[in-house]
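Encoded as structure tokens, the structure appears first; notes follow it.
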There are 2 protein chains.
Amino acid sequence: MRLGLWWKLGLREWPGYIPLIPLLANYDRRDFSHDLGAGLAVGVVTIPQAIAYAFLAGVPPEAGLYACLVPMVLYAIFGSSRQLVVGPVAVSALMVAAAVAEHAPKYSDAYLGITTVLCLQAGIILMLLRLSRMGGLVNLLSHPVITGFVNAAAILIIVSQLPSFTGIEAEDTSSPFSTLSGLLANINTVDVATLAFGAAALVLLLLFRPLALIVLRLVVPTAESSHPLTRIGPMVAAITAVVAVAVFGVEDKIAVVGFVPPGLPTLAAPPFDPELWLALLPSAAIIAVVSYIESFSIGTTLAAKKQERVNPHQELIALGAANIGAAFTGAYPVAGSFSRSSVNYYAGARTPVSSLVCAILVVVALLFFTGLFALLPHAVLAAIVMVSVVGLMDLKSSREHWSIYRHDTITEIVTLVLVLFMGVEIGLITGVLLSVAFFVRTSSRPNITQVGRLGATEHFRSIKRYEVETLPHVLALRIDENIYFANATQIENKLIKRVQKRRGTRHLLVVCSSINMIDATGLRMLHRLNQHLIQADVRLHLCDIKGPLMAQLNETDLLGALSGDIYFNADRAMRKFANELDVSG
Amino acid sequence: MRLGLWWKLGLREWPGYIPLIPLLANYDRRDFSHDLGAGLAVGVVTIPQAIAYAFLAGVPPEAGLYACLVPMVLYAIFGSSRQLVVGPVAVSALMVAAAVAEHAPKYSDAYLGITTVLCLQAGIILMLLRLSRMGGLVNLLSHPVITGFVNAAAILIIVSQLPSFTGIEAEDTSSPFSTLSGLLANINTVDVATLAFGAAALVLLLLFRPLALIVLRLVVPTAESSHPLTRIGPMVAAITAVVAVAVFGVEDKIAVVGFVPPGLPTLAAPPFDPELWLALLPSAAIIAVVSYIESFSIGTTLAAKKQERVNPHQELIALGAANIGAAFTGAYPVAGSFSRSSVNYYAGARTPVSSLVCAILVVVALLFFTGLFALLPHAVLAAIVMVSVVGLMDLKSSREHWSIYRHDTITEIVTLVLVLFMGVEIGLITGVLLSVAFFVRTSSRPNITQVGRLGATEHFRSIKRYEVETLPHVLALRIDENIYFANATQIENKLIKRVQKRRGTRHLLVVCSSINMIDATGLRMLHRLNQHLIQADVRLHLCDIKGPLMAQLNETDLLGALSGDIYFNADRAMRKFANELDVSG
């Protein structure tokens, strides 16, 4: 009951490390029909996607399906999101392919072994991030960096699918540019049958959602555009393609998936080779961080719609467990899937039980229907992948934000270009460094605003924006930034200049309402400024110091050395200075 | 006249690029006696120091004296500080020795050639920093980084002088640790005569200032402790040593300076070798930045005492010109000298004319007195260097700041240790990155304070620190930080938790008085928060938005999407909410 209350409050900070237990203990039977329907809908979307992403990652098709079993169940047990569906995703698949390609040939056993090492490392890194309470580090990936990265990844994925889509062989697929130039060089080798299957699937997938919606609304006039039935395009495309291959008997003429071993995955430890482990570590770290951000942002988005919350710490554990599970069951790195989580949400999932239903569907497919997958053409899988990733792209934000968020737009474009040209690691790291550099740059050029009394109130505002009242012998300046090493000299110079410019100034009142922190460099600067002003016969006063800053300054010798006083607020300071004028006048 | 006025205002932002011209045009003859006296005092300090630092840098003694000619004059022409004396300094000498030692043997012609390349590169880099308006970048070197670096440099310099001081040979002097272990291994080879000269000079230098002051006060009872005569210890030590070497005839038994070619430097271009230039570039960049910071901070300190100011842009030009001048006259990298600038200031220098006087003294020494330098023992130069750098050390600040500025102290210690163990470049770069990381870390964990009305005033302060009045259905939270990528998620989570915890909240009022900037990630977060709160039937309001931020937000779609309103300040918002309560109650 207590736990049920926690759950309902949406807090769930400490319902234990296994959220599924209180959830099942309080499970409402009426929820089951919703979870069952959602689980089936997700399953239908998952199976063709799993095979398509396995193909993109360079692992055998069954590895994609295995990624929907143990990892999905582990996330359902440990995850704090009710709607997130974890499993194979396009971005992780791309990063796996980039990391493993140099160590082993695609679709080989060695390749799969290396992939499970990546999984295990990513899982361990996520767990370590939780244990060391460093999960907050992922916040360094700003929105523009993520957008730039996702757009670049979508471009990379689309280009990587073109050879399979057209049947043209590109010798060098190490970069999107070499792939494109290879395609252009061999354009005469285009395989018409392959392209026909690919193009037909592409058209079907693109038209499926609007057409399905029209048909659906003939039956149910109130159906929403997010209805789960509009999402089963990939399954329809896959089944249609398999039937077509069988009917026309073209399985030897075009590339198809081929034999998929029936049955469930066997438990096996990833290979241990210290040199390989060390070589994979940077890629694993990036995969871990990107998977976490992707999953967390999808989970938060869906939770917000139901006024629920996702626990960022618990998500590290859940995603870590899912990846470790993937490592031991011959799968590849998993993350929260945007498309399948959306289907789950809109199909009405109420608890992670829907993920368990989906996993059962995958088990059934692995036991009885692997024969059908054999005839699935690669070109159709390529079409499924391409259409999926187009949905991830966000080309709007950079155009919208240029005028006001120039720094963010530059960061986004640099990240995109570097991920395309130099790889994921360099792109993301440069993006983060650039975000930080822009932030420091902005805060190193603070606004310093002269303020005055607003009418007869106790409020002090900018003399440029409001009709305010000032005193001739007092210069009241509000510093709109923390005072720290990157701006201390700048602030010192500006304050001295302002005092020098305004003749007759006897008091400099620094309004500290916007200052949250003063570091050692800033403190030293204030001492220097105070000394400098003493020589110019100007007294330095501070006001509106916030509690935490005041507690800090009390520990230093600044307040004692100050030529002026500390005032509670600008109002009291200015009243004092006004009296002084009355007395002397 | 106009220019004279500019000068007197201490502004001098644009008196032209050559401050010496207006200065000489307005030169007051009465200033000359002051400048003459100061120039002579500085000259007496300069000559032994120049030879000692040349010895430390690994260049011939005359190169040290050449560094006091053209560079000093060029700085006098272009510099914006009136008291700064530019020339050879200990820190630059150390960095030169570290950078050049791997390319050529010390005291060789090749070594000197490489040193002039460093000079030229450093000069060009300073000019480029000015042209690209990037001079502000040096502000990234926070006070703790500089302190850590200077302390480490002082330790390195002292250790580097021990072999000359004791006459013990240390085979491997590549690091302070190998030098020390070499000294200990060969301690039985200590040269008693060398050590006697060194120790005698050390004792004389350490006792000179207090004794000189006592003697001085017998004559002039009001003499200050900073009197220039207390600074001539090095000259007294050098003359005494030369006399002693001549009297005892030990010039063949201990290491002495030896032949110094009389005459002035000849103009010569530094050697051009692209590979060498590329190899030296990182060292040159570090030397340029460190020289600039050292000079600028000394210049500012002295200018502040006279309520004058130093123009940071002009200083880049002046120091750049001085180093380029050094490159073409066979000298080594120059910077503002702390000890000699202090002598100049306390000896009463009023304009850079004192530097010109000092340069004339150096010319006289080079033309007529080089023979005397030949007998100067290395051990005495080592003593002069060691005593000089001890004055640079600042061991107080880290101890004082530990309790309140933990981050700054850690940065200082890490910089010190890395400079000692890994070299200047790695130490400084790590120090800067650490400063930035700590700053981002602090700002990623903002204070969020609930505020209420203070008595009957219009002021709103923390409910924890003051007796304030709140409304039951309104939660007023002040966010004490800019909202940006590193803290957006954190702030979102905290705000939602606070709303959930406080039952009955219908309005969330975010007090923005401490927010100077909201980036694209922060804007997105506010949109998400707004949506989230709408679903919980809580309205989101903003108040106390500062002008520049308001202008920025007006360009976005946030204000339109907001479920609540924008209030001028918390007072007006709370009065509105209170009315609402009256109506509904």
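Chain labels follow the order of the structure tokens: the first chain is A, the next B, and so on; residue numbering restarts at 1 in every chain, and ligands are counted from 1 in their shown order.
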
At a cut-off of 9 Å, using only C-alpha atoms, what residues contact segment 361-374 of chain A? Leave out same-chain residues fewer than 6 positions from it and give the result as a compact mmCIF listing (two decimals) with N, CA, C and O atoms, in the first residue's frame.
# COMPACT_ATOMS: atom_id res chain seq x y z
N GLY A 39 1.13 -4.89 -26.13
CA GLY A 39 2.24 -5.83 -26.31
C GLY A 39 2.18 -6.48 -27.67
O GLY A 39 3.21 -6.60 -28.36
N LEU A 40 0.98 -6.87 -28.12
CA LEU A 40 0.85 -7.49 -29.44
C LEU A 40 1.20 -6.49 -30.54
O LEU A 40 1.91 -6.80 -31.49
N GLY A 43 4.86 -6.02 -30.71
CA GLY A 43 5.50 -7.22 -31.27
C GLY A 43 5.48 -7.21 -32.78
O GLY A 43 6.49 -7.52 -33.44
N VAL A 44 4.34 -6.81 -33.35
CA VAL A 44 4.21 -6.80 -34.81
C VAL A 44 5.17 -5.78 -35.43
O VAL A 44 5.71 -5.99 -36.50
N THR A 46 8.00 -4.80 -33.86
CA THR A 46 9.35 -5.15 -33.45
C THR A 46 10.04 -6.15 -34.38
O THR A 46 11.20 -5.96 -34.75
N ILE A 47 9.32 -7.21 -34.78
CA ILE A 47 9.99 -8.31 -35.48
C ILE A 47 10.69 -7.88 -36.78
O ILE A 47 11.89 -8.09 -36.92
N PRO A 48 9.99 -7.19 -37.69
CA PRO A 48 10.74 -6.76 -38.88
C PRO A 48 11.83 -5.74 -38.56
O PRO A 48 12.93 -5.78 -39.15
N ILE A 51 15.06 -7.46 -37.28
CA ILE A 51 15.85 -8.09 -38.34
C ILE A 51 16.55 -7.01 -39.17
O ILE A 51 17.73 -7.12 -39.52
N PRO A 61 20.56 -12.12 -38.40
CA PRO A 61 19.20 -11.67 -38.08
C PRO A 61 18.71 -12.15 -36.71
O PRO A 61 18.04 -11.40 -36.00
N GLU A 62 19.09 -13.38 -36.34
CA GLU A 62 18.58 -13.89 -35.05
C GLU A 62 19.10 -13.06 -33.89
O GLU A 62 18.43 -12.92 -32.85
N LEU A 65 16.68 -10.44 -33.08
CA LEU A 65 15.52 -10.95 -32.34
C LEU A 65 15.89 -11.26 -30.89
O LEU A 65 15.11 -11.00 -29.97
N TYR A 66 17.11 -11.80 -30.69
CA TYR A 66 17.55 -12.09 -29.32
C TYR A 66 17.59 -10.79 -28.49
O TYR A 66 17.35 -10.80 -27.28
N CYS A 68 15.55 -8.61 -28.43
CA CYS A 68 14.20 -8.26 -27.96
C CYS A 68 13.73 -9.22 -26.87
O CYS A 68 12.57 -9.14 -26.44
N LEU A 69 14.57 -10.13 -26.46
CA LEU A 69 14.12 -11.09 -25.44
C LEU A 69 14.62 -10.70 -24.05
O LEU A 69 14.00 -9.90 -23.36
N ALA A 238 6.88 -6.47 -44.94
CA ALA A 238 7.69 -7.68 -44.84
C ALA A 238 6.91 -8.89 -45.32
O ALA A 238 7.41 -9.70 -46.12
N ILE A 239 5.66 -9.04 -44.87
CA ILE A 239 4.86 -10.21 -45.26
C ILE A 239 4.61 -10.20 -46.76
O ILE A 239 4.80 -11.21 -47.45
N VAL A 242 7.80 -11.25 -48.55
CA VAL A 242 8.07 -12.68 -48.44
C VAL A 242 7.16 -13.47 -49.39
O VAL A 242 7.61 -14.35 -50.12
N GLU A 251 14.21 -15.93 -54.91
CA GLU A 251 15.10 -15.95 -53.75
C GLU A 251 16.57 -16.18 -54.12
O GLU A 251 17.46 -15.88 -53.34
N VAL A 256 18.54 -12.11 -50.00
CA VAL A 256 17.51 -12.29 -48.97
C VAL A 256 18.20 -12.65 -47.65
O VAL A 256 19.39 -12.94 -47.62
N VAL A 257 17.41 -12.63 -46.56
CA VAL A 257 17.97 -12.87 -45.23
C VAL A 257 18.61 -14.26 -45.14
O VAL A 257 19.68 -14.43 -44.56
N GLY A 258 17.94 -15.28 -45.72
CA GLY A 258 18.49 -16.64 -45.68
C GLY A 258 18.15 -17.34 -44.37
O GLY A 258 17.35 -16.84 -43.57
N PHE A 259 18.82 -18.45 -44.15
CA PHE A 259 18.50 -19.31 -43.02
C PHE A 259 18.64 -18.59 -41.67
O PHE A 259 19.67 -18.01 -41.36
N VAL A 260 17.59 -18.64 -40.88
CA VAL A 260 17.65 -18.14 -39.51
C VAL A 260 17.45 -19.35 -38.61
O VAL A 260 16.41 -20.02 -38.69
N PRO A 261 18.44 -19.65 -37.74
CA PRO A 261 18.30 -20.86 -36.92
C PRO A 261 17.12 -20.72 -35.97
O PRO A 261 17.02 -19.72 -35.24
N PRO A 262 16.18 -21.69 -35.97
CA PRO A 262 15.05 -21.60 -35.05
C PRO A 262 15.51 -21.89 -33.61
O PRO A 262 16.57 -22.48 -33.41
N GLY A 263 14.72 -21.43 -32.66
CA GLY A 263 15.03 -21.70 -31.25
C GLY A 263 15.50 -20.48 -30.51
O GLY A 263 15.74 -19.42 -31.09
N LEU A 264 15.64 -20.65 -29.19
CA LEU A 264 15.98 -19.53 -28.32
C LEU A 264 17.50 -19.37 -28.20
O LEU A 264 18.25 -20.30 -28.49

Determine, for each residue of chain A having at least one atom at most 6 Å from an atom of chain B, the closest pair of atoms and their separation in Å to one decimal, counting only C-alpha atoms; order by chain and ascending number, as CSV.
residue,atom,partner,partner_atom,distance
A:Asn139,CA,B:Ala486,CA,5.1
A:Leu140,CA,B:Ala486,CA,5.1
A:Ser142,CA,B:Phe485,CA,4.8
A:His143,CA,B:Thr521,CA,5.1
A:Ala304,CA,B:His532,CA,5.4
A:Phe485,CA,B:Ser142,CA,4.8
A:Ala486,CA,B:Asn139,CA,5.1
A:Ser514,CA,B:Ser514,CA,4.1
A:Thr521,CA,B:His143,CA,5.0
A:His532,CA,B:Ala304,CA,5.4

### Message
Need to verify the contact set: segment 334-350 of chain B, 8 Å, only C-alpha atoms, exclusion of same-chain residues closer than 6 positions in sequence. Can you return it as a PyMOL selection string?
### Response
chain B and resi 31+34-39+41-42+45-46+67+71+82-89+92+119+226-228+231+291-292+294-296+298-299+302+319+322-323+326+388

Write to file, as a PDB file, in the first residue's frame, the residues of the selection just made, with C-alpha atoms.
ATOM      1  CA  ASP B  31      59.398  64.380 -14.223  1.00  0.00           C
ATOM      2  CA  HIS B  34      62.407  61.134 -11.101  1.00  0.00           C
ATOM      3  CA  ASP B  35      62.712  59.042 -14.253  1.00  0.00           C
ATOM      4  CA  LEU B  36      66.515  59.403 -14.242  1.00  0.00           C
ATOM      5  CA  GLY B  37      66.834  58.203 -10.650  1.00  0.00           C
ATOM      6  CA  ALA B  38      64.462  55.287 -11.203  1.00  0.00           C
ATOM      7  CA  GLY B  39      66.205  54.319 -14.457  1.00  0.00           C
ATOM      8  CA  ALA B  41      68.209  52.115  -9.855  1.00  0.00           C
ATOM      9  CA  VAL B  42      66.584  49.660 -12.274  1.00  0.00           C
ATOM     10  CA  VAL B  45      69.285  45.606 -10.493  1.00  0.00           C
ATOM     11  CA  THR B  46      68.979  44.614 -14.135  1.00  0.00           C
ATOM     12  CA  ALA B  67      67.234  41.371 -23.960  1.00  0.00           C
ATOM     13  CA  PRO B  71      62.946  44.888 -26.272  1.00  0.00           C
ATOM     14  CA  ARG B  82      54.014  53.686 -17.112  1.00  0.00           C
ATOM     15  CA  GLN B  83      56.022  51.593 -14.674  1.00  0.00           C
ATOM     16  CA  LEU B  84      56.354  48.161 -16.226  1.00  0.00           C
ATOM     17  CA  VAL B  85      59.955  47.151 -17.014  1.00  0.00           C
ATOM     18  CA  VAL B  86      60.195  44.495 -19.720  1.00  0.00           C
ATOM     19  CA  GLY B  87      63.204  42.234 -20.186  1.00  0.00           C
ATOM     20  CA  PRO B  88      64.560  38.823 -19.212  1.00  0.00           C
ATOM     21  CA  VAL B  89      62.530  37.084 -16.466  1.00  0.00           C
ATOM     22  CA  SER B  92      60.373  32.684 -19.400  1.00  0.00           C
ATOM     23  CA  CYS B 119      61.000  34.847 -29.462  1.00  0.00           C
ATOM     24  CA  SER B 226      60.446  49.414  -0.349  1.00  0.00           C
ATOM     25  CA  HIS B 227      63.295  51.930  -0.812  1.00  0.00           C
ATOM     26  CA  PRO B 228      65.270  51.206  -4.042  1.00  0.00           C
ATOM     27  CA  ARG B 231      67.088  46.235  -3.848  1.00  0.00           C
ATOM     28  CA  SER B 291      54.504  36.262 -20.562  1.00  0.00           C
ATOM     29  CA  TYR B 292      51.402  38.253 -21.343  1.00  0.00           C
ATOM     30  CA  GLU B 294      52.679  37.894 -16.041  1.00  0.00           C
ATOM     31  CA  SER B 295      53.268  41.310 -17.595  1.00  0.00           C
ATOM     32  CA  PHE B 296      49.628  42.321 -17.577  1.00  0.00           C
ATOM     33  CA  ILE B 298      52.219  43.244 -12.801  1.00  0.00           C
ATOM     34  CA  GLY B 299      51.286  46.265 -14.944  1.00  0.00           C
ATOM     35  CA  LEU B 302      51.287  48.951 -10.298  1.00  0.00           C
ATOM     36  CA  LEU B 319      54.850  42.753 -25.663  1.00  0.00           C
ATOM     37  CA  ALA B 322      59.342  43.608 -27.636  1.00  0.00           C
ATOM     38  CA  ASN B 323      59.630  39.898 -28.402  1.00  0.00           C
ATOM     39  CA  ALA B 326      64.401  40.400 -29.116  1.00  0.00           C
ATOM     40  CA  SER B 388      64.601  36.093  -6.830  1.00  0.00           C
TER      41      SER B 388
END

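Of note, atom CA of Val236 of chain A and atom CA of Val70 of chain A are spaced 26.1 Å apart.
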
### Task
Find, counting only C-alpha atoms, the residue in B:Ala98, B:Leu276, B:Val417, B:Asp537 that gets nearest to Thr147 of chain B.
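Looking only at the distances to Thr147 of chain B, the closest residue turns out to be B:Val417.
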
### Query
Per DSSP on the backbone, what are the alpha helix (DSSP H) residues of segment 64-115 of chain B, as a PyMOL selection string?
chain B and resi 64-66+70-78+90-100+109-115

### Query
When you draw a straight line from atom CA of Arg575 of chain A to atom CA of Val451 of chain B, how long is it in Å?
24.3 Å

### Message
Could you check the closest approach to Val419 of chain B for each of B:Ala153, B:Leu202, B:Val192, B:Leu74 and tell me which residue wins, using only C-alpha atoms?
### Response
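Nearest candidate to Val419 of chain B out of B:Ala153, B:Leu202, B:Val192, B:Leu74: B:Ala153.
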
### Task
Kindly give the distance, in Å, that separates atom CA of Arg30 of chain B and atom CA of Glu224 of chain B, rounded to a single decimal.
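That distance, rounded to one decimal, is 23.0 Å.
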
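The shortest atom-to-atom distance to Thr415 of chain A, with only C-alpha atoms taken into account, belongs to A:Ala152 out of A:Ala152, A:Leu540, A:Ala321, A:Ala578.
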